[in-house]
Each structure stands twice: as C-alpha cells, then as structure tokens.
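Novice: Below you'll find data-v3.cif; it's mmCIF, C-alpha atoms.
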data_run
loop_
_atom_site.label_atom_id
_atom_site.label_comp_id
_atom_site.auth_asym_id
_atom_site.auth_seq_id
_atom_site.Cartn_x
_atom_site.Cartn_y
_atom_site.Cartn_z
CA MET Q 276 99.41 136.06 178.92
CA THR Q 277 96.72 135.31 176.37
CA LEU Q 278 93.95 132.74 176.52
CA GLY Q 279 95.49 130.92 173.55
CA TYR Q 280 98.77 130.51 175.42
CA LEU Q 281 96.97 129.17 178.51
CA PHE Q 282 95.14 126.60 176.38
CA THR Q 283 98.38 125.59 174.69
CA TRP Q 284 100.06 125.27 178.09
CA LEU Q 285 97.21 123.08 179.33
CA MET Q 286 97.41 120.76 176.32
CA VAL Q 287 101.20 120.41 176.65
CA PHE Q 288 100.75 119.72 180.36
CA MET Q 289 98.21 116.96 179.67
CA ARG Q 290 100.39 115.19 177.11
CA SER Q 291 103.44 115.50 179.35
CA LEU Q 292 101.40 114.14 182.27
CA GLY Q 293 100.62 110.97 180.33
CA VAL Q 294 104.32 110.43 179.56
CA ILE Q 295 105.59 111.23 183.06
CA LEU Q 296 103.07 108.87 184.67
CA GLN Q 297 104.83 106.00 182.88
CA LEU Q 298 108.31 106.79 184.22
CA PRO Q 299 110.09 103.76 185.73
CA VAL Q 300 110.09 103.20 189.45
CA LEU Q 301 113.10 102.33 191.61
CA VAL Q 302 112.92 99.27 193.88
CA GLY Q 303 109.14 99.37 193.86
CA ARG Q 304 108.86 103.00 194.95
CA PRO Q 305 107.22 105.29 192.39
CA ILE Q 306 108.07 108.93 192.00
CA PRO Q 307 105.86 111.05 194.32
CA VAL Q 308 102.80 112.60 192.71
CA THR Q 309 103.92 116.13 193.59
CA ALA Q 310 107.27 115.52 191.88
CA ARG Q 311 105.53 114.21 188.75
CA LEU Q 312 103.21 117.22 188.63
CA GLY Q 313 106.18 119.54 189.13
CA ILE Q 314 108.02 117.94 186.19
CA CYS Q 315 104.93 118.31 184.00
CA VAL Q 316 104.55 121.98 184.96
CA CYS Q 317 108.19 122.64 184.06
CA LEU Q 318 107.86 120.84 180.73
CA ALA Q 319 104.65 122.67 179.85
CA THR Q 320 106.21 126.04 180.73
CA LEU Q 321 109.31 125.33 178.64
CA LEU Q 322 107.51 123.94 175.60
CA ALA Q 323 104.35 126.02 175.41
CA GLY Q 324 106.25 129.20 174.58
CA VAL Q 325 108.15 127.76 171.59
CA MET Q 326 105.29 126.25 169.62
CA PRO Q 327 102.35 127.66 167.67
CA VAL Q 328 99.35 128.72 169.71
CA ALA Q 329 96.73 125.98 169.77
CA THR Q 330 93.25 126.59 168.40
CA ILE Q 331 90.77 126.94 171.25
CA PRO Q 332 87.76 124.59 170.90
CA THR Q 333 84.42 126.25 170.33
CA SER Q 334 82.44 123.92 172.60
CA MET Q 335 82.88 122.16 175.93
CA LEU Q 336 82.61 118.77 174.22
CA ASN Q 337 85.54 119.56 171.93
CA LEU Q 338 87.54 120.83 174.93
CA VAL Q 339 86.96 117.59 176.86
CA GLY Q 340 87.81 115.56 173.76
CA ALA Q 341 91.06 117.45 173.18
CA THR Q 342 92.08 117.07 176.83
CA ALA Q 343 91.29 113.36 176.93
CA GLY Q 344 93.07 112.84 173.61
CA GLU Q 345 96.22 114.54 174.87
CA VAL Q 346 96.28 112.41 178.01
CA MET Q 347 95.66 109.23 176.01
CA LEU Q 348 98.40 110.11 173.53
CA GLY Q 349 100.85 110.78 176.35
CA LEU Q 350 99.97 107.52 178.10
CA VAL Q 351 100.52 105.47 174.95
CA MET Q 352 103.82 107.23 174.27
CA GLY Q 353 104.95 106.62 177.84
CA PHE Q 354 103.80 102.99 177.68
CA VAL Q 355 105.91 102.31 174.59
CA GLY Q 356 108.85 104.12 176.16
CA ARG Q 357 108.60 102.00 179.32
CA LEU Q 358 108.39 98.60 177.63
CA VAL Q 359 112.15 98.11 177.97
CA PHE Q 360 111.73 97.89 181.74
CA SER Q 361 108.99 95.30 181.35
CA ALA Q 362 111.45 93.22 179.32
CA ILE Q 363 114.14 93.43 181.99
CA GLU Q 364 111.60 92.52 184.69
CA MET Q 365 110.54 89.50 182.66
CA ALA Q 366 114.19 88.51 182.17
CA GLY Q 367 114.85 88.85 185.90
CA ARG Q 368 111.97 86.53 186.76
CA LEU Q 369 113.13 83.98 184.19
CA ILE Q 370 116.68 84.13 185.55
CA SER Q 371 115.44 83.65 189.12
CA THR Q 372 113.57 80.53 188.04
CA GLU Q 373 116.50 79.10 186.08
CA ILE Q 374 119.08 79.50 188.85
CA GLY Q 375 116.70 78.27 191.55
CA LEU Q 376 116.19 81.47 193.54
CA SER Q 377 112.59 82.15 192.62
CA ALA Q 378 110.19 83.09 195.39
CA MET Q 379 106.55 84.02 194.85
CA PRO Q 380 106.65 85.87 191.50
CA GLY Q 381 104.46 88.93 191.11
CA LEU Q 382 102.90 90.70 188.16
CA GLY Q 383 103.87 94.25 189.03
CA VAL Q 384 107.20 95.89 189.79
CA PRO Q 385 109.53 93.32 191.45
CA GLU Q 386 109.89 93.69 195.21
CA PRO Q 387 113.39 93.11 196.64
CA ALA Q 388 112.00 91.01 199.50
CA THR Q 389 110.31 88.44 197.24
CA GLU Q 390 112.13 88.76 193.90
CA PRO Q 391 115.72 89.87 194.59
CA ILE Q 392 117.18 89.05 191.17
CA ALA Q 393 114.38 90.75 189.24
CA ALA Q 394 114.51 93.77 191.55
CA LEU Q 395 118.31 93.96 191.15
CA LEU Q 396 118.07 93.94 187.35
CA SER Q 397 115.25 96.50 187.40
CA SER Q 398 117.32 98.86 189.55
CA PHE Q 399 120.32 98.27 187.29
CA ALA Q 400 118.18 99.16 184.26
CA VAL Q 401 116.94 102.37 185.89
CA VAL Q 402 120.52 103.45 186.69
CA LEU Q 403 121.61 102.75 183.10
CA TYR Q 404 118.49 104.55 181.82
CA PHE Q 405 119.66 107.84 183.31
CA LEU Q 406 123.35 107.10 182.69
CA PHE Q 407 122.75 106.54 178.96
CA GLY Q 408 120.47 109.57 178.69
CA GLY Q 409 117.30 107.60 178.06
CA HIS Q 410 115.23 110.23 179.88
CA GLN Q 411 116.63 112.92 177.57
CA LEU Q 412 115.74 110.86 174.51
CA LEU Q 413 112.20 110.37 175.78
CA LEU Q 414 111.76 114.08 176.50
CA SER Q 415 113.16 114.98 173.08
CA SER Q 416 110.63 112.66 171.44
CA LEU Q 417 107.91 114.33 173.52
CA ALA Q 418 108.99 117.76 172.24
CA ARG Q 419 109.19 116.41 168.69
CA SER Q 420 105.65 115.01 168.98
CA PHE Q 421 104.22 118.53 169.06
CA GLN Q 422 105.62 119.11 165.56
CA LEU Q 423 103.94 115.97 164.23
CA THR Q 424 100.61 116.53 165.95
CA HIS Q 425 100.01 120.01 167.38
CA ALA Q 426 98.91 120.74 170.92
CA GLY Q 427 95.15 120.52 171.20
CA SER Q 428 94.89 118.34 168.08
CA PRO Q 429 96.08 114.89 169.22
CA ALA Q 430 96.15 112.19 166.56
CA PHE Q 431 97.58 108.72 166.06
CA ASP Q 432 99.12 107.24 162.96
CA THR Q 433 96.98 104.77 161.03
CA LEU Q 434 99.49 102.03 161.92
CA ALA Q 435 99.81 103.03 165.59
CA ALA Q 436 98.06 99.89 166.83
CA GLU Q 437 100.44 97.72 164.81
CA SER Q 438 103.40 99.63 166.23
CA VAL Q 439 102.20 99.04 169.80
CA ILE Q 440 101.70 95.32 169.13
CA ARG Q 441 105.14 95.06 167.54
CA ALA Q 442 106.76 96.88 170.48
CA THR Q 443 104.94 94.63 172.97
CA GLY Q 444 106.11 91.52 171.12
CA HIS Q 445 109.65 92.85 171.25
CA VAL Q 446 109.40 92.73 175.06
CA LEU Q 447 109.18 88.93 174.91
CA GLU Q 448 112.08 88.74 172.48
CA LEU Q 449 114.34 90.96 174.56
CA GLY Q 450 113.47 89.23 177.84
CA LEU Q 451 114.22 85.79 176.39
CA ARG Q 452 117.43 87.06 174.78
CA ILE Q 453 118.73 88.36 178.11
CA ALA Q 454 117.73 85.19 179.96
CA ALA Q 455 118.99 82.81 177.23
CA PRO Q 456 122.48 82.22 178.77
CA PHE Q 457 120.87 81.26 182.09
CA ILE Q 458 118.43 78.90 180.38
CA ALA Q 459 121.37 77.24 178.62
CA MET Q 460 123.31 77.07 181.90
CA ASN Q 461 120.39 75.38 183.66
CA PHE Q 462 120.09 72.86 180.83
CA LEU Q 463 123.81 72.01 180.97
CA VAL Q 464 123.82 71.63 184.75
CA THR Q 465 120.74 69.41 184.65
CA LEU Q 466 122.22 67.32 181.84
CA ALA Q 467 125.56 66.93 183.63
CA PHE Q 468 124.01 65.84 186.93
CA SER Q 469 121.61 63.50 185.15
CA ALA Q 470 124.59 61.68 183.65
CA LEU Q 471 126.42 61.82 186.99
CA GLY Q 472 123.40 60.39 188.77
CA ARG Q 473 123.40 57.41 186.42
CA ALA Q 474 127.11 56.83 187.01
CA VAL Q 475 126.94 57.25 190.82
CA PRO Q 476 123.44 56.19 191.96
CA LYS Q 477 124.10 56.86 195.65
CA MET Q 478 124.99 60.51 195.07
CA SER Q 479 122.44 63.11 196.22
CA VAL Q 480 122.06 64.64 192.77
CA LEU Q 481 119.12 66.91 193.61
CA VAL Q 482 120.87 68.72 196.47
CA LEU Q 483 124.20 69.06 194.68
CA SER Q 484 122.65 70.23 191.41
CA ALA Q 485 120.65 72.93 193.21
CA SER Q 486 123.78 74.27 194.88
CA VAL Q 487 125.82 74.19 191.66
CA ARG Q 488 122.97 75.84 189.75
CA VAL Q 489 122.82 78.74 192.22
CA ILE Q 490 126.59 79.26 192.30
CA ALA Q 491 126.95 79.03 188.51
CA GLY Q 492 123.92 81.26 187.98
CA LEU Q 493 125.18 83.99 190.31
CA GLY Q 494 128.63 83.80 188.70
CA LEU Q 495 127.09 84.10 185.26
CA LEU Q 496 124.95 87.01 186.43
CA GLY Q 497 128.04 88.76 187.76
CA GLY Q 498 129.74 88.46 184.38
CA ALA Q 499 126.68 89.34 182.31
CA GLY Q 500 126.46 92.99 183.36
CA ALA Q 501 128.24 94.27 180.26
CA LEU Q 502 126.07 92.19 177.95
CA ILE Q 503 122.85 93.41 179.60
CA ALA Q 504 124.11 96.99 179.46
CA ARG Q 505 124.79 96.59 175.74
CA TYR Q 506 121.27 95.34 175.14
CA LEU Q 507 119.79 98.19 177.16
CA PHE Q 508 121.89 100.84 175.43
CA SER Q 509 120.58 99.68 172.06
CA GLU Q 510 116.99 99.57 173.30
CA PHE Q 511 117.12 103.01 174.93
CA SER Q 512 118.47 104.45 171.67
CA GLN Q 513 115.47 103.04 169.78
CA VAL Q 514 112.84 104.43 172.16
CA PRO Q 515 112.36 107.81 170.34
CA VAL Q 516 111.87 105.98 167.03
CA ARG Q 517 109.22 103.67 168.49
CA VAL Q 518 107.45 106.55 170.23
CA LEU Q 519 107.32 108.78 167.15
CA GLN Q 520 106.04 105.90 165.02
CA LEU Q 521 102.76 106.29 166.88
CA LEU Q 522 102.22 109.77 165.43
CA PRO Q 523 101.15 110.76 161.92
CA SER Q 524 104.12 111.65 159.71
CA HIS Q 525 104.01 114.76 157.54
#
Could you write out this structure as structure tokens?
Specialist:
Amino acid sequence: MTLGYLFTWLMVFMRSLGVILQLPVLVGRPIPVTARLGICVCLATLLAGVMPVATIPTSMLNLVGATAGEVMLGLVMGFVGRLVFSAIEMAGRLISTEIGLSAMPGLGVPEPATEPIAALLSSFAVVLYFLFGGHQLLLSSLARSFQLTHAGSPAFDTLAAESVIRATGHVLELGLRIAAPFIAMNFLVTLAFSALGRAVPKMSVLVLSASVRVIAGLGLLGGAGALIARYLFSEFSQVPVRVLQLLPSH
C-alpha cells in the first residue's frame, strides 16, 4: 500500500463524507454517525483502487486546502441531491395548512407528533427514494465526479452557483405543484360554504367547513399517492444531472 494510494483513499473518503452527511432522515431520526462513517469507508475502499493515484500536496497548506475542498464539494453535491426532500417537506406543510390539520410548523425535519402530514409524506418520499434506486443514482454520480474532477483536486464549474440557485428555486416549484390540488380543494370548499352561509344564515358554516375540509383533504391525500410518486420518480431521475452540473465538464 503506497502513500499515493492512502492519499487518494483519504480524498475519496472526504468527498464521500460530504455526500453521505446529506442523506435523508426517516421520521426525524438521522442515520447514526458510525453507520455514516462505515458507508464512507466502504465507498473510499471501493473507489480509490479504480482511479488514478492523486498527486500528493507538497505543503501542509495545500493538504488542508485539498481536504477542505473535497468536503465542501461533497457537501454541495449532497445538498443538491437532497433538495427533493426539502420540496416534499414544504408540500407537506402546505397541505397540512390547507386541510386544517396544521400544528406548530417547524423549520427542520417534520416531527410526527407535531406535523403528521408532513412527516408522513417525508417518510413516503424516503421509501420511494430507495425503491426507485435514488441512492444508486446518487452514488453513481459520486463515482462519476472523480472523472470530472480528480481526487485531491476539487473544483467547481464556473456556473455552479447558478446551478445551485436554480435547483433551490425548483424546490419551491415542486412543493407548490404537489400541494396545488389541496390549495384548489380548500378554495372550492371555502367558496361553497360561503355561498351556503349566505343562503342559510343560521347554519354553523365555520364548524361544518372545517370538518368537510379535513375529510376532503384526507380523501384527496389518499388518492394522490400515485401522482406524488410520479413527481418523485422524475425528480430522483434528474438528481445525477443536477449534481454533475456542479463540476467542470471536459
């Protein structure tokens, strides 16, 4: 085992660590640190032996810079790959508000106790992520990244910042697209009970509309699984393209 191979292994480990740290969590419980480190060790061992040996830096400053650059590159790649889950969390919070089941919304991963609809959709997205092979696509883009920018020489494309902004903006679009049927449902229920309240003034419109909104919203959510899965399948398929757009093309 040469020193060049050990340095290559370390650089692959650092880039993999940045990506693995951004893996989605299930019902608010992240993957244990030991499991994440074990995955990174396995990836580094598998990939380091099939790529050119990295050039060892001649100074400690260059070594620190290369290590920090690999971690930063991996974090950005993992961030872009995880944006789909941010979209589904946003959609879940919007749906909870529209059907009248919103509790105290949070900014992090939805907790089942306070945000049941958002937590349900997040768990559904994680299951579909592994069912559709999204983890394999992300790992294949990680392996491909070492062909575009070699281990120990991390670099971003000149339009990487624009790609990150575009991918972040797509989160808002996807979240609103998923929640759009529920927004329309809430509008129709409110409109119908507004007209009914004018026709029958003594009717308790507020109580009845809240009940109808919840029942109709849950029924719509039960029938929207296939539509959400279709959206997610398309988004998971596009993840490698968005991730590799961050790297310089040769």
Novice: Figure out the distance between atom CA of Q:Ala485 and atom CA of Q:Pro456, please, to one decimal in Å.
Specialist: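 The value is 17.3 Å.
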Novice: Which residues of stretch 313-391 of chain Q sit at most 12 Å from stretch 497-515 of chain Q, using only C-alpha atoms? Give each one's shortest atom pair and distance in Å (one decimal place), in chain and ascending residue order, as JSON lines.
Specialist:
{"residue": "Q:Met352", "atom": "CA", "partner": "Q:Pro515", "partner_atom": "CA", "distance": 9.4}
{"residue": "Q:Gly353", "atom": "CA", "partner": "Q:Val514", "partner_atom": "CA", "distance": 10.0}
{"residue": "Q:Phe354", "atom": "CA", "partner": "Q:Val514", "partner_atom": "CA", "distance": 10.7}
{"residue": "Q:Val355", "atom": "CA", "partner": "Q:Val514", "partner_atom": "CA", "distance": 7.6}
{"residue": "Q:Gly356", "atom": "CA", "partner": "Q:Val514", "partner_atom": "CA", "distance": 5.7}
{"residue": "Q:Arg357", "atom": "CA", "partner": "Q:Val514", "partner_atom": "CA", "distance": 8.7}
{"residue": "Q:Leu358", "atom": "CA", "partner": "Q:Val514", "partner_atom": "CA", "distance": 9.1}
{"residue": "Q:Val359", "atom": "CA", "partner": "Q:Glu510", "partner_atom": "CA", "distance": 6.9}
{"residue": "Q:Phe360", "atom": "CA", "partner": "Q:Leu507", "partner_atom": "CA", "distance": 9.3}
{"residue": "Q:Ser361", "atom": "CA", "partner": "Q:Leu507", "partner_atom": "CA", "distance": 11.9}
{"residue": "Q:Ala362", "atom": "CA", "partner": "Q:Leu507", "partner_atom": "CA", "distance": 9.9}
{"residue": "Q:Ile363", "atom": "CA", "partner": "Q:Leu507", "partner_atom": "CA", "distance": 8.8}
{"residue": "Q:Ala366", "atom": "CA", "partner": "Q:Ile503", "partner_atom": "CA", "distance": 10.3}
{"residue": "Q:Gly367", "atom": "CA", "partner": "Q:Ile503", "partner_atom": "CA", "distance": 11.2}
{"residue": "Q:Ile370", "atom": "CA", "partner": "Q:Ala499", "partner_atom": "CA", "distance": 11.7}
Novice: Rounded to one decimal in Å, what is the spacing between atom CA of Q:Pro307 and atom CA of Q:Phe399?
Specialist: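 Separation between atom CA of Q:Pro307 and atom CA of Q:Phe399: 20.5 Å.
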Novice: Could you give me, as a PyMOL selection string, the residues that sit within 7 Å of (124.8, 68.5, 189.8) in the file's coordinates, counting all atoms listed in the file?
Specialist: chain Q and resi 464-465+467-468+480+483-485+487
Novice: Enumerate, as a PDB file with C-alpha atoms, in the frame of the given file, the residues matched when the PyMOL selection byres ((chain Q and resi 457) around 8) is run on the file above.
Specialist:
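Contents of expr_34.pdb, freshly written:
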ATOM      1  CA  ILE Q 370     116.680  84.130 185.550  1.00  0.00           C
ATOM      2  CA  GLU Q 373     116.500  79.100 186.080  1.00  0.00           C
ATOM      3  CA  ILE Q 374     119.080  79.500 188.850  1.00  0.00           C
ATOM      4  CA  ALA Q 454     117.730  85.190 179.960  1.00  0.00           C
ATOM      5  CA  ALA Q 455     118.990  82.810 177.230  1.00  0.00           C
ATOM      6  CA  PRO Q 456     122.480  82.220 178.770  1.00  0.00           C
ATOM      7  CA  ILE Q 458     118.430  78.900 180.380  1.00  0.00           C
ATOM      8  CA  ALA Q 459     121.370  77.240 178.620  1.00  0.00           C
ATOM      9  CA  MET Q 460     123.310  77.070 181.900  1.00  0.00           C
ATOM     10  CA  ASN Q 461     120.390  75.380 183.660  1.00  0.00           C
ATOM     11  CA  GLY Q 492     123.920  81.260 187.980  1.00  0.00           C
ATOM     12  CA  LEU Q 495     127.090  84.100 185.260  1.00  0.00           C
TER      13      LEU Q 495
END
Novice: Written as a count of residues only, what is the full residue list that the PyMOL selection byres ((chain Q and resi 435-448) around 8) yields on the file shown?
Specialist: 18
Novice: Between atom CA of Q:Cys315 and atom CA of Q:Ile295, what is the distance, to one decimal in Å?
Specialist: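 According to the coordinates, atom CA of Q:Cys315 and atom CA of Q:Ile295 are separated by 7.2 Å.
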Novice: Might you pull out every residue within 10 Å of Q:Gly324, with only C-alpha atoms counted and same-chain residues fewer than 3 positions away left off, and present them as a PyMOL selection string?
Specialist: chain Q and resi 280+283-284+319-321+327-328
Novice: Which one of Q:Ala329, Q:Phe407, Q:Ser398, Q:Ala418 sits closest to Q:Thr277 if you count all atoms listed in the file?
Specialist: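 So, comparing all the options, the nearest one is Q:Ala329.
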Novice: Emit as lines of an AutoDock Vina configuration file the padded axis-aligned box for all listed atoms of stretch 504-516 of chain Q, 8 Å per side, with centre and edge lengths in Å to one decimal.
Specialist:
center_x = 118.3
center_y = 101.6
center_z = 173.2
size_x = 28.9
size_y = 28.5
size_z = 28.4
Novice: From the options Q:Thr372, Q:Gln297, Q:Ser416, Q:Gln422, which residue's atoms come nearest to Q:Val518, counting only C-alpha atoms?
Specialist: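 The shortest atom-to-atom distance to Q:Val518 comes from Q:Ser416.
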Novice: Using all atoms listed in the file, can you tell me which of Q:Ser291, Q:Val346, Q:Met286, Q:Ala310 comes closest to Q:Ser415?
Specialist: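 The closest residue to Q:Ser415 is Q:Ser291.
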